[in-house]
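Trainee: Sharing a structure here in structure tokens format.
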Amino acid sequence: MVSVSSVDNVGLNTQGKIQQVTILGATGTIGTQTLDVISQHPDRFGVFALTASTSVQGLFDLCVKYKPLYAVMLSPTAASALEAQLKNAGIATTVLQGEDALSQVASHPDVDVVMAAIVGAAGLHPAMAAAKTGKRILLANKETLVMAGSLFMQAVIDGGATLLPIDSEHNAIFQVMPYQRTRILADMGVKRILLTASGGPFRNATIEQLRNVTRAQALNHPNWVMGPKITIDSATMMNKGLEVIEAHWLFNATSSQIEVVVHPQSVIHSMVEYNDGSVLAQLGNPDMRTPIAYGLGYPDRLVSGVSSLDLLKIGRLDFCAPDQNMFPCLRLAYEALDAGGTAPAILNAANEVAVEAFLADQIKFMQIPALIESVLSTSDIEAVTSIPQLVDVDAVARRVARDWLTASIDTH
Ligand code: NDP
Ligand code: MG
């Protein structure tokens with residue numbers, strides 16, 4: 001493992017200069033909440049570029065409101081449609097198209113801050129581009145770290161980038177672990193990281209109920225409003241598994257130093273236990289604008305629009321252990337982390353295919369872990385050497401996953 005800390009390069013805002021922000025995945029739930037926080041601080045932030053995959057109307061509306069210099073659409077037809085709409089509306093935003101354009105607006109010399117909020121492995125290349133060019137990276141796209149943690153962390157160091165975790169748990173850990181410049185957790189007097197998990201909508205379900213869970217039930221998260229992929233990941237607890245791997249890279253923690261604690265209220269966003277017995281926690285309402293504002297403002301604290309935490313109304317905070325038999329995805333993620341090398345990239349690719357298939361009503365809920373386990377157990381695990389290698393590994397794992405799907409759909 002590369003011995004790095006995510007926060008070696010944290011720097012201060014350039015005093016007085018408006019920070020130019022690119023938002024990758026602007027039409028998503030993180031993207032729109034980022035724009036909400038930015039719009040509360042026009043004296044600090046300008047919108048340089050906004051990107052989306054296919055949501056023409058969504059990106060058009062954001063361009064009308066925020067007037068970025070650039071808008072990027074992944075799909076060429078969507079880009080042409082957006083360009084026509086913007087021209088009709090008299091908006092001067094330049095429309096670019098394709099994967100390379102995502103990386104261009106993430107690495108443009110005029111950009112200071114990049115919010116990496118594309119969902120899935122598709123977020124890897126532009127996040128790497130931002131790292132290599134020394135941006136302040138607000139990392140929501142956890143899949144980048146799961147797929148390519150060692151290479152991404154090295155790119156952050158080499159590029160002189162500033163990496164601020166946006167995932168609420170990792171943002172909480174960052175907030176309560178102020179000495180991350182030291183490289184080994186033990187040197188900081190840290191005993192373990194306690195990663196909190198809401199437990200998702202099926203925390204109290206029986207295995208029988210889990211087998212028959214519908215798409216609508218799985219999409220109904222009790223505490224957070226999020227995009228469909230991460231919402232399903234939360235229901236299977238793969239989200240927490242991906243977050244264990246994310247914490248490993250961000251905080252240089254071994255798998256045995258990262259413990260998952262189910263905390264249904266989602267008020268404590270994570271904790272760090274020190275050798276002296278102190279446990280430091282970060283609390284707040286479950287609203288992503290808090291970590292987003294923290295990342296945008298660091299080291300300043302910005303108004304985010306989040307309401308005050310009313311502990312008296314909440315009344316109690318509960319905790320229990322996760323059940324890895326009910327939620328095998330969590331176990332699979334720990335196993336992939338311990339296997340190392342390309343195993344987490346394979347886990348991630350198989351999971352993305354499984355979640356898409358579940359959302360398309362092609363497989364049942366408990367087939368998600370079955371598919372991932374099958375792909376992991378039949379794949380060769382190699383040492384990580386390069387991004388092109390990981391892109392190949394991702395493609396092969398997706399192919400194996402699709403073969404599994406074809407076979408399992410044929411037998412039903
Ligand atoms: P959403 O599904 O709401 O948004 C995803 C965004 O990515 C959209 O702008 C979408 O564009 C764009 N996008 C999708 N596929 C591609 C692609 N292939 N290439 C380029 N852009 C693409 O996701 P979320 O905002 O919920 O999550 C974003 C990331 O943040 C995920 O990695 C998630 O795990 C992480 N995260 C999210 C949290 C949350 O509260 N939502 C909390 C912690 C982490 P389009 O609209 O055109 O499809
Ligand atoms: Mg999270």
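Just remember, in the structure tokens the first chain shown is A, the second B, etc., residues are 1-based per chain, and ligands are 1-based in the order shown.
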May I have a table of the residues of chain A lying at most 6 Å from ligand 1, giving each one's closest pair of atoms and their distance in Å to one decimal, counting only C-alpha atoms and all ligand atoms, ordered by chain and ascending residue number, as JSON lines?
Mentor:
{"residue": "A:Gly25", "atom": "CA", "partner": "ligand 1", "partner_atom_place_in_ligand_line": "9 (O)", "distance": 3.2}
{"residue": "A:Ala26", "atom": "CA", "partner": "ligand 1", "partner_atom_place_in_ligand_line": "9 (O)", "distance": 4.6}
{"residue": "A:Thr27", "atom": "CA", "partner": "ligand 1", "partner_atom_place_in_ligand_line": "9 (O)", "distance": 3.8}
{"residue": "A:Gly28", "atom": "CA", "partner": "ligand 1", "partner_atom_place_in_ligand_line": "4 (O)", "distance": 3.1}
{"residue": "A:Thr29", "atom": "CA", "partner": "ligand 1", "partner_atom_place_in_ligand_line": "25 (O)", "distance": 3.8}
{"residue": "A:Ile30", "atom": "CA", "partner": "ligand 1", "partner_atom_place_in_ligand_line": "25 (O)", "distance": 3.9}
{"residue": "A:Gly31", "atom": "CA", "partner": "ligand 1", "partner_atom_place_in_ligand_line": "25 (O)", "distance": 5.9}
{"residue": "A:Ala52", "atom": "CA", "partner": "ligand 1", "partner_atom_place_in_ligand_line": "11 (O)", "distance": 3.8}
{"residue": "A:Ser53", "atom": "CA", "partner": "ligand 1", "partner_atom_place_in_ligand_line": "47 (O)", "distance": 3.4}
{"residue": "A:Thr54", "atom": "CA", "partner": "ligand 1", "partner_atom_place_in_ligand_line": "47 (O)", "distance": 3.7}
{"residue": "A:Ser55", "atom": "CA", "partner": "ligand 1", "partner_atom_place_in_ligand_line": "47 (O)", "distance": 3.7}
{"residue": "A:Leu74", "atom": "CA", "partner": "ligand 1", "partner_atom_place_in_ligand_line": "20 (C)", "distance": 5.6}
{"residue": "A:Ala117", "atom": "CA", "partner": "ligand 1", "partner_atom_place_in_ligand_line": "28 (C)", "distance": 4.3}
{"residue": "A:Ile118", "atom": "CA", "partner": "ligand 1", "partner_atom_place_in_ligand_line": "7 (O)", "distance": 3.6}
{"residue": "A:Val119", "atom": "CA", "partner": "ligand 1", "partner_atom_place_in_ligand_line": "31 (C)", "distance": 3.9}
{"residue": "A:Gly120", "atom": "CA", "partner": "ligand 1", "partner_atom_place_in_ligand_line": "32 (O)", "distance": 5.3}
{"residue": "A:Ala122", "atom": "CA", "partner": "ligand 1", "partner_atom_place_in_ligand_line": "18 (N)", "distance": 4.7}
{"residue": "A:Ala140", "atom": "CA", "partner": "ligand 1", "partner_atom_place_in_ligand_line": "30 (O)", "distance": 4.2}
{"residue": "A:Asn141", "atom": "CA", "partner": "ligand 1", "partner_atom_place_in_ligand_line": "32 (O)", "distance": 3.4}
{"residue": "A:Lys142", "atom": "CA", "partner": "ligand 1", "partner_atom_place_in_ligand_line": "32 (O)", "distance": 5.2}
{"residue": "A:Glu143", "atom": "CA", "partner": "ligand 1", "partner_atom_place_in_ligand_line": "32 (O)", "distance": 5.9}
{"residue": "A:Asp167", "atom": "CA", "partner": "ligand 1", "partner_atom_place_in_ligand_line": "43 (C)", "distance": 4.0}
{"residue": "A:Met226", "atom": "CA", "partner": "ligand 1", "partner_atom_place_in_ligand_line": "41 (N)", "distance": 3.7}
{"residue": "A:Gly227", "atom": "CA", "partner": "ligand 1", "partner_atom_place_in_ligand_line": "26 (O)", "distance": 3.4}
{"residue": "A:Pro228", "atom": "CA", "partner": "ligand 1", "partner_atom_place_in_ligand_line": "2 (O)", "distance": 5.7}
{"residue": "A:Ile230", "atom": "CA", "partner": "ligand 1", "partner_atom_place_in_ligand_line": "34 (O)", "distance": 5.1}
{"residue": "A:Met288", "atom": "CA", "partner": "ligand 1", "partner_atom_place_in_ligand_line": "40 (O)", "distance": 5.8}
Trainee: Show me which residues sit within 9 Å of ligand 2 when counting only C-alpha atoms and all ligand atoms, and put them as an mmCIF file with N, CA and C atoms, in the first residue's frame.
Mentor:
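What follows is the written file part.cif:
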data_model
loop_
_atom_site.group_PDB
_atom_site.id
_atom_site.type_symbol
_atom_site.label_atom_id
_atom_site.label_comp_id
_atom_site.auth_asym_id
_atom_site.auth_seq_id
_atom_site.Cartn_x
_atom_site.Cartn_y
_atom_site.Cartn_z
ATOM 1 N N ALA A 140 -16.815 13.129 -3.858
ATOM 2 C CA ALA A 140 -18.015 12.371 -3.492
ATOM 3 C C ALA A 140 -17.969 10.988 -4.135
ATOM 4 N N LYS A 142 -16.987 7.906 -4.548
ATOM 5 C CA LYS A 142 -16.172 6.943 -3.786
ATOM 6 C C LYS A 142 -15.624 5.842 -4.680
ATOM 7 N N ILE A 166 -16.005 14.098 0.773
ATOM 8 C CA ILE A 166 -17.371 14.628 0.886
ATOM 9 C C ILE A 166 -18.334 13.579 1.434
ATOM 10 N N ASP A 167 -18.066 12.320 1.180
ATOM 11 C CA ASP A 167 -18.899 11.269 1.771
ATOM 12 C C ASP A 167 -19.031 11.612 3.256
ATOM 13 N N SER A 168 -20.259 11.615 3.775
ATOM 14 C CA SER A 168 -20.484 12.214 5.100
ATOM 15 C C SER A 168 -19.642 11.554 6.189
ATOM 16 N N GLU A 169 -19.462 10.225 6.085
ATOM 17 C CA GLU A 169 -18.691 9.508 7.113
ATOM 18 C C GLU A 169 -17.220 9.936 7.083
ATOM 19 N N HIS A 170 -16.678 10.015 5.882
ATOM 20 C CA HIS A 170 -15.254 10.339 5.740
ATOM 21 C C HIS A 170 -15.005 11.803 6.035
ATOM 22 N N ASN A 171 -15.992 12.617 5.716
ATOM 23 C CA ASN A 171 -15.895 14.022 6.077
ATOM 24 C C ASN A 171 -15.897 14.159 7.599
ATOM 25 N N THR A 196 -20.113 4.861 10.839
ATOM 26 C CA THR A 196 -21.532 4.622 11.125
ATOM 27 C C THR A 196 -22.310 4.327 9.845
ATOM 28 N N ALA A 197 -23.362 3.531 10.014
ATOM 29 C CA ALA A 197 -24.222 3.119 8.889
ATOM 30 C C ALA A 197 -25.669 3.228 9.343
ATOM 31 N N ILE A 230 -26.532 4.750 -5.406
ATOM 32 C CA ILE A 230 -26.081 4.729 -4.004
ATOM 33 C C ILE A 230 -27.226 4.346 -3.065
ATOM 34 N N SER A 234 -26.973 1.392 -0.477
ATOM 35 C CA SER A 234 -27.259 1.529 0.958
ATOM 36 C C SER A 234 -28.167 0.401 1.426
ATOM 37 N N ASN A 239 -22.844 -0.008 0.050
ATOM 38 C CA ASN A 239 -22.348 1.360 0.238
ATOM 39 C C ASN A 239 -21.364 1.410 1.405
ATOM 40 N N LYS A 240 -21.701 0.736 2.494
ATOM 41 C CA LYS A 240 -20.789 0.771 3.653
ATOM 42 C C LYS A 240 -19.508 0.011 3.331
ATOM 43 N N GLU A 243 -17.393 2.171 1.428
ATOM 44 C CA GLU A 243 -16.862 3.210 2.319
ATOM 45 C C GLU A 243 -15.722 2.689 3.203
ATOM 46 N N HIS A 269 -22.058 11.003 12.264
ATOM 47 C CA HIS A 269 -21.682 10.651 10.891
ATOM 48 C C HIS A 269 -20.442 9.773 10.828
#
Trainee: Counting only C-alpha atoms, which residue out of A:Asp158, A:Thr290, A:Ala79, A:Ala343 sits closest to Ser307 (chain A)?
Mentor: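 Comparing A:Asp158, A:Thr290, A:Ala79, A:Ala343 against Ser307 (chain A), the winner is A:Thr290.
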Trainee: How would you write, as number ranges by chain, the set of residues in region 88-162 of chain A that DSSP gives as helix (DSSP H, G or I)?
Mentor: A: 88-89, 99-107, 121-132, 142-159
Trainee: Do you have the CA of Thr162 (chain A)-CA of Asn351 (chain A) distance handy?
Mentor: 28.8 Å
Trainee: Find the residues around Ala349 (chain A) up to 7 Å (only C-alpha atoms counted), leave out those fewer than 4 positions away in its own chain, and share them as a list in words.
Mentor: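 Returned residues: Ala345, Val353, Asp394, Ala397 and Arg398 of chain A.
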Trainee: From the list A:Val262, A:Val384, A:Leu317, A:Ile173, which residue is nearest Ala281 (chain A) when using only C-alpha atoms?
Mentor: A:Ile173
Trainee: Write out as a PyMOL selection string which residues come within 6 Å of region 38-45 of chain A when counting only C-alpha atoms, dropping same-chain ones fewer than 6 positions away.
Mentor: chain A and resi 18-20
Trainee: Could you please determine the separation between CA of Val355 (chain A) and CA of Gln324 (chain A) in Å, to one decimal place?
Mentor: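 Spanning CA of Val355 (chain A) to CA of Gln324 (chain A) is a straight-line distance of 18.8 Å.
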Trainee: Compare A:Leu296, A:Met147, A:Val190, A:Leu390 by their minimum atom-to-atom distance to Ile23 (chain A), counting only C-alpha atoms, and give me the closest one.
Mentor: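 Nearest to Ile23 (chain A): A:Leu296.
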Trainee: For Glu373 (chain A), please output as a list in words all residues within 9 Å (counting only C-alpha atoms; exclusion window: fewer than 2 positions along the same chain).
Mentor: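 The neighbour list is Pro328, Cys329, Leu332, Leu347, Ala350, Ile368, Pro369, Ala370, Leu371, Val375, Leu376, Ser377 and Thr378 of chain A.
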Trainee: Create the file for the chosen residues now, containing C-alpha atoms and written as a tab-separated table (two decimals), in the first residue's frame.
Mentor:
chain	number	residue	atom	x	y	z
A	328	PRO	CA	-23.23	-10.22	2.45
A	329	CYS	CA	-22.10	-7.21	0.37
A	332	LEU	CA	-17.54	-9.15	0.25
A	347	LEU	CA	-16.08	-5.86	-6.72
A	350	ALA	CA	-19.70	-6.39	-10.56
A	368	ILE	CA	-26.92	-8.74	-6.08
A	369	PRO	CA	-24.42	-10.26	-3.60
A	370	ALA	CA	-24.65	-13.63	-5.35
A	371	LEU	CA	-23.57	-12.06	-8.64
A	375	VAL	CA	-17.56	-12.65	-10.29
A	376	LEU	CA	-14.99	-12.19	-7.50
A	377	SER	CA	-14.47	-15.91	-7.04
A	378	THR	CA	-13.92	-16.55	-10.76
Trainee: For Arg331 (chain A), list every protein, DNA or RNA residue within 9 Å, evaluated using only C-alpha atoms, and leave out those in the same chain fewer than 5 positions away; present the list as a list in words.
Mentor: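 Near Arg331 (chain A), the qualifying residues are Met238, Gly241, Gln324, Asn325 and Ala336 of chain A.
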Trainee: Of the candidates A:Pro322, A:Gly58, A:Pro76, A:Pro109, which shows the shortest atom-to-atom distance to Thr22 (chain A), using only C-alpha atoms?
Mentor: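 Closest residue, counting only C-alpha atoms: A:Pro109.
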Trainee: Given the choices A:Ser270, A:Thr206, A:Gln175, A:Gln33, which gets closest to Met115 (chain A) if the distance is worked out from only C-alpha atoms?
Mentor: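 Going through A:Ser270, A:Thr206, A:Gln175, A:Gln33 one by one, the smallest distance to Met115 (chain A) is for A:Gln33.
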